[in-house]
Every structure is written in structure tokens, then in C-alpha cells.
$ cat protein_4.cif   # mmCIF, C-alpha atoms
data_target
#
loop_
_atom_site.label_atom_id
_atom_site.label_comp_id
_atom_site.auth_asym_id
_atom_site.auth_seq_id
_atom_site.Cartn_x
_atom_site.Cartn_y
_atom_site.Cartn_z
CA MET A 1 6.87 -27.12 -46.34
CA ALA A 2 8.81 -27.53 -49.58
CA GLU A 3 11.39 -29.50 -47.68
CA SER A 4 8.87 -31.99 -46.31
CA ALA A 5 7.24 -32.35 -49.79
CA ASP A 6 10.69 -33.16 -51.19
CA GLN A 7 11.17 -35.68 -48.44
CA ALA A 8 7.82 -37.27 -49.21
CA THR A 9 8.70 -37.55 -52.91
CA GLU A 10 12.05 -39.03 -52.01
CA GLN A 11 10.48 -41.54 -49.64
CA LEU A 12 7.92 -42.50 -52.28
CA HIS A 13 10.70 -42.99 -54.81
CA LEU A 14 12.68 -45.15 -52.37
CA ALA A 15 9.58 -47.21 -51.52
CA ARG A 16 8.90 -47.88 -55.19
CA SER A 17 12.48 -48.98 -55.79
CA LEU A 18 12.26 -51.20 -52.66
CA VAL A 19 9.16 -52.91 -54.12
CA SER A 20 10.83 -53.38 -57.48
CA HIS A 21 14.01 -54.79 -55.82
CA LEU A 22 11.89 -57.25 -53.83
CA GLU A 23 9.91 -58.27 -56.94
CA THR A 24 13.08 -58.93 -58.91
CA GLY A 25 14.58 -60.78 -55.93
CA ASN A 26 17.46 -58.30 -55.57
CA GLN A 27 18.05 -58.84 -51.83
CA GLU A 28 21.13 -56.61 -51.59
CA GLY A 29 19.41 -53.73 -53.36
CA ALA A 30 16.39 -54.06 -51.01
CA VAL A 31 18.58 -53.92 -47.86
CA SER A 32 20.37 -50.80 -49.05
CA VAL A 33 17.07 -49.06 -49.86
CA ILE A 34 15.73 -49.95 -46.39
CA ALA A 35 18.87 -48.42 -44.86
CA GLU A 36 18.38 -45.30 -46.92
CA LEU A 37 14.74 -45.00 -45.78
CA ALA A 38 15.80 -45.30 -42.13
CA GLY A 39 18.45 -42.64 -42.79
CA VAL A 40 15.77 -40.14 -43.84
CA ARG A 41 13.92 -40.69 -40.55
CA ASP A 42 17.13 -40.48 -38.49
CA SER A 43 18.15 -37.19 -40.05
CA LEU A 44 14.71 -35.76 -39.25
CA LEU A 45 15.07 -36.93 -35.67
CA PHE A 46 18.57 -35.48 -35.35
CA ARG A 47 17.46 -32.19 -36.75
CA GLU A 48 14.56 -32.01 -34.26
CA VAL A 49 16.85 -32.92 -31.33
CA GLY A 50 19.28 -30.25 -32.52
CA ARG A 51 16.58 -27.63 -32.63
CA LEU A 52 15.32 -28.51 -29.17
CA THR A 53 18.86 -28.42 -27.78
CA ARG A 54 19.42 -24.99 -29.22
CA GLU A 55 16.12 -23.69 -27.83
CA LEU A 56 16.94 -25.08 -24.42
CA HIS A 57 20.41 -23.58 -24.54
CA ASP A 58 19.00 -20.18 -25.52
CA SER A 59 16.38 -20.32 -22.81
CA ILE A 60 18.90 -21.25 -20.13
CA ASN A 61 21.24 -18.52 -21.29
CA GLY A 62 18.39 -16.03 -21.37
CA PHE A 63 17.32 -17.09 -17.93
CA MET A 64 20.81 -16.72 -16.50
CA MET A 65 21.28 -13.34 -18.07
CA ASP A 66 17.87 -12.06 -16.93
CA ALA A 67 18.84 -8.87 -15.13
CA ARG A 68 15.64 -8.98 -13.10
CA LEU A 69 16.80 -12.21 -11.47
CA ALA A 70 20.15 -10.77 -10.43
CA ASP A 71 18.34 -7.72 -9.11
CA ILE A 72 16.00 -9.89 -7.08
CA ALA A 73 18.82 -11.93 -5.59
CA GLN A 74 21.22 -9.07 -4.87
CA THR A 75 18.95 -6.22 -3.90
CA GLU A 76 15.30 -6.98 -3.58
CA MET A 77 15.47 -10.06 -1.37
CA PRO A 78 17.67 -8.38 1.26
CA ASP A 79 15.49 -5.26 0.94
CA ALA A 80 12.37 -7.34 1.44
CA ALA A 81 13.83 -8.79 4.62
CA GLU A 82 14.65 -5.28 5.82
CA ARG A 83 11.13 -4.11 4.96
CA LEU A 84 9.60 -6.96 6.92
CA ARG A 85 11.81 -6.17 9.89
CA TYR A 86 10.52 -2.61 9.67
CA VAL A 87 6.96 -3.98 9.71
CA ILE A 88 7.77 -5.78 12.96
CA SER A 89 9.19 -2.65 14.52
CA ALA A 90 6.32 -0.44 13.29
CA THR A 91 3.68 -2.83 14.62
CA GLU A 92 5.60 -3.16 17.87
CA GLN A 93 5.77 0.58 18.26
CA ALA A 94 2.04 0.95 17.55
CA ALA A 95 1.23 -1.81 20.03
CA ASN A 96 3.40 -0.15 22.69
CA THR A 97 1.83 3.26 22.09
CA THR A 98 -1.63 1.72 22.35
CA LEU A 99 -0.80 -0.31 25.45
CA GLY A 100 0.82 2.71 27.07
CA ALA A 101 -2.24 4.86 26.42
CA VAL A 102 -4.54 2.15 27.77
CA GLU A 103 -2.39 1.74 30.87
CA ASP A 104 -2.51 5.49 31.46
CA SER A 105 -6.27 5.63 30.84
CA LEU A 106 -7.42 2.82 33.10
CA PRO A 107 -6.44 4.54 36.40
CA LEU A 108 -8.15 7.74 35.23
CA ALA A 109 -11.36 5.84 34.50
CA ASP A 110 -11.04 3.96 37.79
CA SER A 111 -10.62 7.12 39.82
CA LEU A 112 -13.61 8.75 38.12
CA ARG A 113 -15.68 5.69 38.93
CA SER A 114 -14.64 5.41 42.58
CA ASP A 115 -15.03 9.15 43.22
CA ALA A 116 -18.45 9.12 41.59
CA ARG A 117 -19.48 6.13 43.67
CA HIS A 118 -18.36 7.82 46.90
CA LEU A 119 -20.19 11.03 45.96
CA ALA A 120 -23.33 9.11 45.00
CA GLU A 121 -23.39 7.56 48.51
CA GLN A 122 -23.00 10.97 50.15
CA TRP A 123 -25.60 12.46 47.85
CA GLU A 124 -28.02 9.69 48.80
CA ARG A 125 -27.44 10.52 52.47
CA PHE A 126 -28.01 14.20 51.77
CA ASN A 127 -31.28 13.44 49.97
CA SER A 128 -32.51 11.37 52.89
CA ARG A 129 -31.46 14.23 55.20
CA LYS A 130 -28.83 12.19 57.05
CA LEU A 131 -26.10 14.72 56.49
CA SER A 132 -25.00 17.18 59.17
CA VAL A 133 -24.06 20.73 58.19
CA ASP A 134 -20.36 19.89 58.48
CA ASP A 135 -20.83 16.77 56.41
CA PHE A 136 -22.60 18.82 53.80
CA ARG A 137 -19.79 21.33 53.71
CA GLU A 138 -17.38 18.47 53.15
CA LEU A 139 -19.61 17.03 50.41
CA SER A 140 -19.80 20.39 48.72
CA ALA A 141 -15.99 20.67 48.69
CA GLU A 142 -15.71 17.09 47.39
CA LEU A 143 -18.23 17.80 44.68
CA SER A 144 -16.40 20.81 43.41
CA ALA A 145 -13.06 18.91 43.50
CA PHE A 146 -14.74 16.05 41.64
CA LEU A 147 -16.12 18.32 38.93
CA SER A 148 -12.76 19.89 38.32
CA ALA A 149 -10.99 16.48 38.37
CA THR A 150 -13.57 15.14 35.94
CA GLN A 151 -12.76 17.88 33.49
CA THR A 152 -9.04 17.28 33.77
CA ASN A 153 -9.37 13.50 33.63
CA SER A 154 -11.75 13.44 30.70
CA GLU A 155 -9.41 15.72 28.78
CA ALA A 156 -6.52 13.38 29.58
CA LEU A 157 -8.67 10.40 28.53
CA HIS A 158 -9.51 12.14 25.29
CA ASP A 159 -5.81 12.71 24.59
CA LYS A 160 -4.99 9.08 25.34
CA LEU A 161 -7.77 7.89 23.05
CA SER A 162 -6.48 10.17 20.30
CA GLU A 163 -3.05 8.60 20.74
CA VAL A 164 -4.61 5.16 20.29
CA LEU A 165 -6.45 6.40 17.21
CA LEU A 166 -3.32 7.75 15.56
CA ALA A 167 -1.28 4.69 16.44
CA GLN A 168 -3.59 2.65 14.19
CA GLY A 169 -1.95 4.36 11.22
CA TYR A 170 0.55 1.49 11.34
CA GLN A 171 -1.97 -0.66 9.47
CA ASP A 172 -1.78 1.58 6.41
CA ILE A 173 2.00 1.93 6.51
CA THR A 174 2.75 -1.76 7.07
CA GLY A 175 0.01 -2.77 4.63
CA GLN A 176 1.73 -0.82 1.87
CA ILE A 177 5.11 -2.34 2.74
CA ILE A 178 3.74 -5.88 2.86
CA ARG A 179 2.02 -5.38 -0.51
CA LYS A 180 5.41 -4.50 -1.96
CA VAL A 181 6.97 -7.66 -0.55
CA ILE A 182 4.05 -9.73 -1.86
CA SER A 183 4.67 -8.41 -5.36
CA LEU A 184 8.32 -9.44 -5.02
CA VAL A 185 7.29 -12.92 -3.87
CA ASP A 186 4.99 -13.16 -6.90
CA ASP A 187 7.90 -12.18 -9.11
CA VAL A 188 10.16 -14.81 -7.58
CA GLU A 189 7.42 -17.38 -7.97
CA GLY A 190 7.19 -16.54 -11.66
CA LYS A 191 10.94 -16.99 -12.06
CA LEU A 192 10.86 -20.32 -10.24
CA VAL A 193 8.02 -21.57 -12.43
CA GLU A 194 10.11 -20.59 -15.45
CA LEU A 195 13.07 -22.50 -14.05
CA VAL A 196 10.94 -25.60 -13.46
CA ARG A 197 9.57 -25.34 -16.97
CA LEU A 198 13.10 -25.06 -18.39
CA SER A 199 14.41 -28.05 -16.53
CA GLY A 200 11.32 -30.22 -16.91
CA ASN A 201 9.48 -29.57 -20.13
CA ARG A 202 10.04 -28.26 -23.58
CA PRO A 203 10.31 -24.52 -23.47
CA LYS A 204 7.29 -22.74 -24.82
CA THR A 205 7.42 -19.21 -26.11
CA ARG A 206 9.05 -16.96 -23.53
CA SER A 207 6.55 -15.11 -21.43
CA THR A 208 6.81 -11.39 -21.89
CA ALA A 209 8.29 -9.94 -18.73
CA VAL A 210 5.71 -8.39 -16.47
CA ASP A 211 7.49 -5.22 -15.58
CA GLY A 212 5.06 -2.45 -14.85
CA ARG A 213 7.17 -1.05 -12.08
CA ASP A 214 7.30 2.38 -13.52
CA ILE A 215 4.70 3.70 -11.12
CA ALA A 216 5.33 6.94 -9.36
CA ALA A 217 4.18 5.76 -5.94
CA GLN A 218 6.94 4.21 -3.85
CA GLY A 219 5.11 3.36 -0.65
CA PRO A 220 6.37 4.26 2.80
CA ALA A 221 10.08 4.93 3.20
CA VAL A 222 11.80 2.14 5.13
CA PRO A 223 14.89 3.22 7.07
CA GLY A 224 18.01 1.49 5.75
CA VAL A 225 16.28 0.29 2.56
CA ASP A 226 15.19 3.39 0.74
CA ARG A 227 18.36 5.28 0.06
CA ALA A 228 16.82 7.52 -2.56
CA GLU A 229 16.29 11.16 -1.76
CA MET A 230 13.71 10.97 0.97
CA VAL A 231 12.58 13.74 3.21
CA ASN A 232 13.03 13.16 6.89
CA GLY A 233 9.65 13.80 8.47
CA GLN A 234 7.10 16.60 8.28
CA ASP A 235 9.60 19.38 9.03
CA ASP A 236 11.57 18.53 5.89
CA VAL A 237 8.37 18.49 3.86
CA ASP A 238 7.49 21.93 5.19
CA ASP A 239 10.97 23.25 4.45
CA LEU A 240 10.90 21.86 0.94
CA LEU A 241 7.45 23.29 0.25
CA SER A 242 8.33 26.68 1.66
CA SER A 243 11.42 26.71 -0.57
CA LEU A 244 8.95 26.23 -3.42
CA GLY A 245 6.99 29.26 -2.28
CA PHE A 246 4.35 27.48 -0.22
CA MET B 1 -13.37 28.48 8.86
CA ASN B 2 -16.68 26.83 8.14
CA LYS B 3 -16.87 23.75 10.36
CA ASN B 4 -19.76 22.49 8.29
CA MET B 5 -17.79 22.26 5.09
CA LYS B 6 -18.08 19.01 3.19
CA ILE B 7 -14.83 17.06 3.15
CA LEU B 8 -13.92 14.04 1.01
CA ILE B 9 -11.34 11.64 2.49
CA VAL B 10 -9.65 9.42 -0.09
CA ASP B 11 -7.44 6.52 1.01
CA ASP B 12 -7.38 2.85 0.02
CA PHE B 13 -6.88 1.79 3.66
CA SER B 14 -10.15 2.03 5.56
CA THR B 15 -8.23 2.27 8.85
CA MET B 16 -6.54 5.45 7.66
CA ARG B 17 -9.87 6.88 6.50
CA ARG B 18 -11.31 6.23 9.96
CA ILE B 19 -8.31 7.84 11.64
CA ILE B 20 -8.60 10.97 9.52
CA LYS B 21 -12.38 11.06 9.93
CA ASN B 22 -12.04 10.85 13.72
CA LEU B 23 -9.32 13.49 13.83
CA LEU B 24 -11.48 15.80 11.73
CA ARG B 25 -14.44 15.21 14.01
CA ASP B 26 -12.20 16.12 16.92
CA LEU B 27 -11.39 19.37 15.14
CA GLY B 28 -15.11 20.03 14.70
CA PHE B 29 -15.53 18.89 11.10
CA THR B 30 -18.29 16.33 10.98
CA ASN B 31 -19.46 16.59 7.38
CA THR B 32 -17.13 14.01 5.84
CA GLN B 33 -17.42 11.37 3.15
CA GLU B 34 -15.01 8.67 2.06
CA ALA B 35 -13.70 7.12 -1.16
CA ASP B 36 -11.10 4.38 -1.61
CA ASP B 37 -9.29 5.71 -4.67
CA GLY B 38 -9.32 8.38 -7.36
CA VAL B 39 -11.67 6.43 -9.60
CA THR B 40 -14.45 6.52 -7.01
CA ALA B 41 -13.51 9.95 -5.68
CA LEU B 42 -13.60 11.90 -8.93
CA PRO B 43 -17.30 11.32 -9.77
CA MET B 44 -18.18 12.15 -6.15
CA LEU B 45 -16.30 15.43 -6.43
CA GLN B 46 -17.83 16.17 -9.82
CA SER B 47 -21.33 15.59 -8.55
CA GLY B 48 -20.55 18.58 -6.41
CA GLY B 49 -20.81 20.07 -2.98
CA PHE B 50 -17.32 19.28 -1.63
CA ASP B 51 -15.31 22.08 -0.06
CA PHE B 52 -12.13 20.21 0.74
CA LEU B 53 -10.29 17.10 -0.48
CA ILE B 54 -7.89 15.06 1.64
CA THR B 55 -6.19 12.34 -0.38
CA ASP B 56 -3.56 9.64 -0.12
CA TRP B 57 -1.07 9.20 -2.98
CA ASN B 58 -0.43 5.47 -3.39
CA MET B 59 -3.74 3.81 -4.26
CA PRO B 60 -4.78 1.14 -6.74
CA GLY B 61 -6.92 2.36 -9.61
CA MET B 62 -6.33 6.08 -9.77
CA GLN B 63 -3.49 7.44 -7.66
CA GLY B 64 -3.80 10.56 -5.56
CA ILE B 65 -1.44 12.58 -7.75
CA ASP B 66 -3.60 11.78 -10.78
CA LEU B 67 -6.72 12.69 -8.84
CA LEU B 68 -5.10 16.01 -7.95
CA LYS B 69 -4.25 16.65 -11.62
CA ALA B 70 -7.79 15.69 -12.67
CA VAL B 71 -9.22 18.10 -10.10
CA ARG B 72 -7.00 20.95 -11.30
CA ALA B 73 -7.95 20.18 -14.92
CA ASP B 74 -11.67 20.31 -14.17
CA ASP B 75 -13.28 23.72 -14.65
CA LYS B 76 -15.67 23.27 -11.76
CA LEU B 77 -13.19 21.70 -9.36
CA GLN B 78 -9.94 23.52 -10.09
CA GLY B 79 -10.20 25.78 -7.06
CA LEU B 80 -10.87 22.96 -4.60
CA PRO B 81 -8.35 22.97 -1.72
CA VAL B 82 -6.44 19.67 -1.68
CA LEU B 83 -4.38 18.27 1.18
CA MET B 84 -2.21 15.22 0.53
CA VAL B 85 -1.73 12.84 3.43
CA THR B 86 0.66 10.16 2.28
CA ALA B 87 3.62 7.94 3.07
CA GLU B 88 5.27 9.06 -0.16
CA SER B 89 8.27 11.04 1.00
CA LYS B 90 10.64 11.40 -1.93
CA ARG B 91 11.65 15.00 -2.56
CA ASP B 92 10.76 14.61 -6.24
CA GLN B 93 7.27 13.50 -5.35
CA ILE B 94 6.65 16.43 -3.04
CA ILE B 95 7.87 18.78 -5.76
CA GLU B 96 5.63 17.04 -8.28
CA ALA B 97 2.62 17.41 -5.99
CA ALA B 98 3.47 21.08 -5.44
CA GLN B 99 3.71 21.64 -9.18
CA ALA B 100 0.42 19.85 -9.70
CA GLY B 101 -1.15 22.40 -7.36
CA VAL B 102 -1.47 20.70 -4.00
CA ASN B 103 -2.38 23.03 -1.12
CA GLY B 104 -0.70 21.07 1.66
CA TYR B 105 1.37 17.93 2.12
CA VAL B 106 1.43 15.77 5.25
CA VAL B 107 3.68 12.70 5.48
CA LYS B 108 2.53 9.61 7.33
CA PRO B 109 2.86 8.85 10.13
CA PHE B 110 1.56 12.23 11.27
CA THR B 111 0.17 13.80 14.41
CA ALA B 112 -3.23 15.35 15.06
CA CYS B 113 -1.45 18.68 15.51
CA THR B 114 0.16 18.52 12.08
CA LEU B 115 -3.16 17.79 10.42
CA GLU B 116 -4.86 20.64 12.24
CA GLU B 117 -2.06 23.07 11.46
CA LYS B 118 -2.07 22.25 7.73
CA ILE B 119 -5.85 22.54 7.47
CA HIS B 120 -5.78 25.92 9.18
CA LYS B 121 -2.97 27.11 6.97
CA ILE B 122 -4.83 26.06 3.82
CA PHE B 123 -8.04 27.82 4.81
CA ASP B 124 -6.26 30.92 6.07
CA ARG B 125 -4.75 31.24 2.61
CA VAL B 126 -8.01 30.49 0.86
CA ALA B 127 -9.70 33.19 2.96
CA ALA B 128 -6.88 35.70 2.37
#

$ encode --input "protein_4.cif" --output "C-alpha cells"
Amino acid sequence: MAESADQATEQLHLARSLVSHLETGNQEGAVSVIAELAGVRDSLLFREVGRLTRELHDSINGFMMDARLADIAQTEMPDAAERLRYVISATEQAANTTLGAVEDSLPLADSLRSDARHLAEQWERFNSRKLSVDDFRELSAELSAFLSATQTNSEALHDKLSEVLLAQGYQDITGQIIRKVISLVDDVEGKLVELVRLSGNRPKTRSTAVDGRDIAAQGPAVPGVDRAEMVNGQDDVDDLLSSLGF
Amino acid sequence: MNKNMKILIVDDFSTMRRIIKNLLRDLGFTNTQEADDGVTALPMLQSGGFDFLITDWNMPGMQGIDLLKAVRADDKLQGLPVLMVTAESKRDQIIEAAQAGVNGYVVKPFTACTLEEKIHKIFDRVAA
């Protein structure tokens, strides 16, 4: 502030002397005062350009030395690709389990339907008294075979349906993994926006790094990506817990 | 084991809640309710009547581990049996859950058998 007040006083002083030079017809004096006035403006301009250059330099340096960026490029991007590949394999596995269970179930349902249809026809004949004693004996045997097959088949169907049910767990697992990748993409987007801002416009105050990654939850372990100490399936969990007295 | 006991299933993925609910129904437990994270679960538990809590770990809002700690810190809820069903599989996390007082820990993906076994184990111990 003091500096600009000084400058104003100086400019005022120069302007007055310019007027007095012009009034007295001192052409040479007037030209030199004009040059001096321009010099004040130039030095202001140079100082401003200097400041901007320094800010830009600092920002670029800061950007290049941002550890987060190196981390993203060296670790997180390849990890993200690996995570997404795991999503493909997990969804593929779930789809195959589901398809397999459906393929196993359809013949069971079909055989129940065709046996029931055949028995219904025989039963109709029995009701309208068109069945001989031998035929009835045969029907009775068929009925008892059907009842026992129905029990077995419906149990098998139940198991297959349970398999389909459990296979849907992939949505939770892959959802958590994809969320993680999305947060990385958001991060990268932020960095790119910063880069564009640096190269295009005057840097504003640096945004404080959004780095709340200190959460305990890690999401599902992805083979080949998560090298930290992970347990390997439920048996390991049980072993670990029993070692803790569980 | 009382098949009528009231069970709260907490998971942010509705698909997983449905899976667990269906598996429980298969095991004969039909009295279930759902919540999508600790923030919604805790008031439900506090309003009372729940006999068993099954919770995920990684959830927005309040995480399962914090829900577990809140349950253990609550005079009325501290004895509630808690089973964690989660994809979190770091050794440190399992130890943390154990120290926080979890009664059982199932890692996703899991089987119907595992779930049944852990539930039986928990209630055998509670009864003992």
C-alpha cells in the first residue's frame, strides 16, 4: 500500500513538472519527464509479469513433485486395470454358475411336468373307470415312483436355486471394486483439471488435496493387486480367529 | 435356537441383503429386517427387539466396524450377537473386529453352509 502511495506521489510530482516544462516551453525537459512516467508504468508491468512467472513456476514444480500423481501413474492405474479385469472374471464366473444351475434345473422341471402330465391322463382314465386292474397296478407303481422323484427333484431344484442366489453376490463384490476405480478416475480428473488450469489460466490458490483415504475399509481383495496381508478364504479367517481364542 | 428371533441385516448393497435374507429364510429364520448402513441400523437396534445382527464392514455413512463398536458401547445392546459378513479380508481387520467383540466373521464370497455353520456356532456359545 505504502509503495503504491509513494508511486502516486511520484507520478503526481512528475505530472506537475511536465506541465511546468510545457508552460515554459522546455521541450527537452518535457520529453524526459514523459519517458520517466512511462518508466514507472513499465516497472510495474515487469514486476507483475515477474510475480506471475514465479507463481507459474512454483505451481508447475509443485504439480510435478506431487507424490499423488506419481502414485497414480505408477501404481494405481495399473492396479485399476487389474481390478477391472477381476470384475470381468467375477461377473463371468457368476454368469457361468447361474447358467449352469439353470441348465441343470430345466431338465428337472421338464421331467416333473411330463411325468405329471402322463399321470394326470392315467388318473383321468382311472376316475372314469377305464383302467383295468393291471393298468391300475402300473399306475400305482408310477405314482409312488413319481412322488419319490418329485421329492428328489424338488430338493435338487432348491439346491440349484440356492446356487443362483449365492452367485448374485458378485454384484456386491464388483460394485465395491468399481467404486474404488471410480474414485481413482475422479482423482485423475482433478489432476487433469489442475494441469489445464496451469497451462491455460493464471493459477489460483492451490486446492487443498482431497486425501481422505485413511479409511479402514479396503473393499474386496483382488488377486494380484492386493499384496497386503490378506487371508485366503474362510478357512484362514477361522484359523486366525481360533488363534485369537474364538 | 429360536427360529423366530429378530435379525437385522446391514449391508449397503441391496442384492447382498436379499441374498442373506433368502439364505436365512432357507435356514428357517423369517423374522428379518434390513438397513443399508450403521447410521440407519443403530437407531433400529436401539429401538429394541433385535436378537441378532449381521453386518457388512465397508459401507458409506457408518461402517460396520463402527456399528459393532457402538453396539458394544451401548448398555442395552452390548450383549447382542454380531456376525460380520464382509469382503474385508486383511488379517489386521479380522483382528480388529475380534478385539471389538465380533461373534463371527464370514468373508465374501461365502457359501450357505458357512453362514449356517457360523450362526449355529454363535448361538451354541450364547446358549452355553

$ resolve_selection --input "protein_4.cif" --expression "the PyMOL selection byres ((chain A) within 8 of (chain B))" --output "list of chain:residue names"
A:Ser162, A:Leu165, A:Leu166, A:Gln168, A:Gly169, A:Tyr170, A:Gln171, A:Asp172, A:Ile173, A:Ala216, A:Ala217, A:Gln218, A:Gly219, A:Pro220, A:Ala221, A:Ala228, A:Glu229, A:Met230, A:Val231, A:Asn232, A:Gly233, A:Gln234, A:Val237, A:Asp238, A:Leu240, A:Leu241, A:Leu244

$ atom_distance --input "protein_4.cif" --atom1 "CA of Leu44 in chain A" --atom2 "CA of Leu12 in chain A"
16.2 Å

$ resolve_selection --input "protein_4.cif" --expression "the PyMOL selection byres ((chain B and resi 71) around 10)" --output "ChimeraX atom specification"
/B:42,45-46,53,65-70,72-82,100-101

$ write_last_selection --input "protein_4.cif" --atoms "C-alpha atoms" --output "compact mmCIF listing (two decimals), keeping the file's coordinate frame"
# COMPACT_ATOMS: atom_id res chain seq x y z
CA LEU B 42 -13.60 11.90 -8.93
CA LEU B 45 -16.30 15.43 -6.43
CA GLN B 46 -17.83 16.17 -9.82
CA LEU B 53 -10.29 17.10 -0.48
CA ILE B 65 -1.44 12.58 -7.75
CA ASP B 66 -3.60 11.78 -10.78
CA LEU B 67 -6.72 12.69 -8.84
CA LEU B 68 -5.10 16.01 -7.95
CA LYS B 69 -4.25 16.65 -11.62
CA ALA B 70 -7.79 15.69 -12.67
CA ARG B 72 -7.00 20.95 -11.30
CA ALA B 73 -7.95 20.18 -14.92
CA ASP B 74 -11.67 20.31 -14.17
CA ASP B 75 -13.28 23.72 -14.65
CA LYS B 76 -15.67 23.27 -11.76
CA LEU B 77 -13.19 21.70 -9.36
CA GLN B 78 -9.94 23.52 -10.09
CA GLY B 79 -10.20 25.78 -7.06
CA LEU B 80 -10.87 22.96 -4.60
CA PRO B 81 -8.35 22.97 -1.72
CA VAL B 82 -6.44 19.67 -1.68
CA ALA B 100 0.42 19.85 -9.70
CA GLY B 101 -1.15 22.40 -7.36

$ resolve_selection --input "protein_4.cif" --expression "the PyMOL selection byres ((chain B and resi 5) around 10)" --output "PyMOL selection string"
chain B and resi 1-4+6-8+29-32+49-52

$ write_last_selection --input "protein_4.cif" --atoms "C-alpha atoms" --output "PDB file, in the frame of the given file"
ATOM      1  CA  MET B   1     -13.370  28.480   8.860  1.00  0.00           C
ATOM      2  CA  ASN B   2     -16.680  26.830   8.140  1.00  0.00           C
ATOM      3  CA  LYS B   3     -16.870  23.750  10.360  1.00  0.00           C
ATOM      4  CA  ASN B   4     -19.760  22.490   8.290  1.00  0.00           C
ATOM      5  CA  LYS B   6     -18.080  19.010   3.190  1.00  0.00           C
ATOM      6  CA  ILE B   7     -14.830  17.060   3.150  1.00  0.00           C
ATOM      7  CA  LEU B   8     -13.920  14.040   1.010  1.00  0.00           C
ATOM      8  CA  PHE B  29     -15.530  18.890  11.100  1.00  0.00           C
ATOM      9  CA  THR B  30     -18.290  16.330  10.980  1.00  0.00           C
ATOM     10  CA  ASN B  31     -19.460  16.590   7.380  1.00  0.00           C
ATOM     11  CA  THR B  32     -17.130  14.010   5.840  1.00  0.00           C
ATOM     12  CA  GLY B  49     -20.810  20.070  -2.980  1.00  0.00           C
ATOM     13  CA  PHE B  50     -17.320  19.280  -1.630  1.00  0.00           C
ATOM     14  CA  ASP B  51     -15.310  22.080  -0.060  1.00  0.00           C
ATOM     15  CA  PHE B  52     -12.130  20.210   0.740  1.00  0.00           C
TER      16      PHE B  52
END

$ atom_distance --input "protein_4.cif" --atom1 "CA of Thr98 in chain A" --atom2 "CA of Val164 in chain A"
5.0 Å

$ atom_distance --input "protein_4.cif" --atom1 "CA of Leu115 in chain B" --atom2 "CA of Leu24 in chain B"
8.7 Å

$ closest_residue --input "protein_4.cif" --among "A:Glu76, A:Asp110, A:Glu138, A:Asp235" --to "Gln122 in chain A" --atoms "only C-alpha atoms"
A:Glu138

$ residues_around --input "protein_4.cif" --residues "Ile54 in chain B" --least-positions-apart "6" --cutoff "6 Å" --atoms "all atoms listed in the file" --output "compact mmCIF listing (two decimals) with C-alpha atoms, keeping the file's coordinate frame"
# COMPACT_ATOMS: atom_id res chain seq x y z
CA ILE B 9 -11.34 11.64 2.49
CA VAL B 82 -6.44 19.67 -1.68
CA LEU B 83 -4.38 18.27 1.18
CA MET B 84 -2.21 15.22 0.53
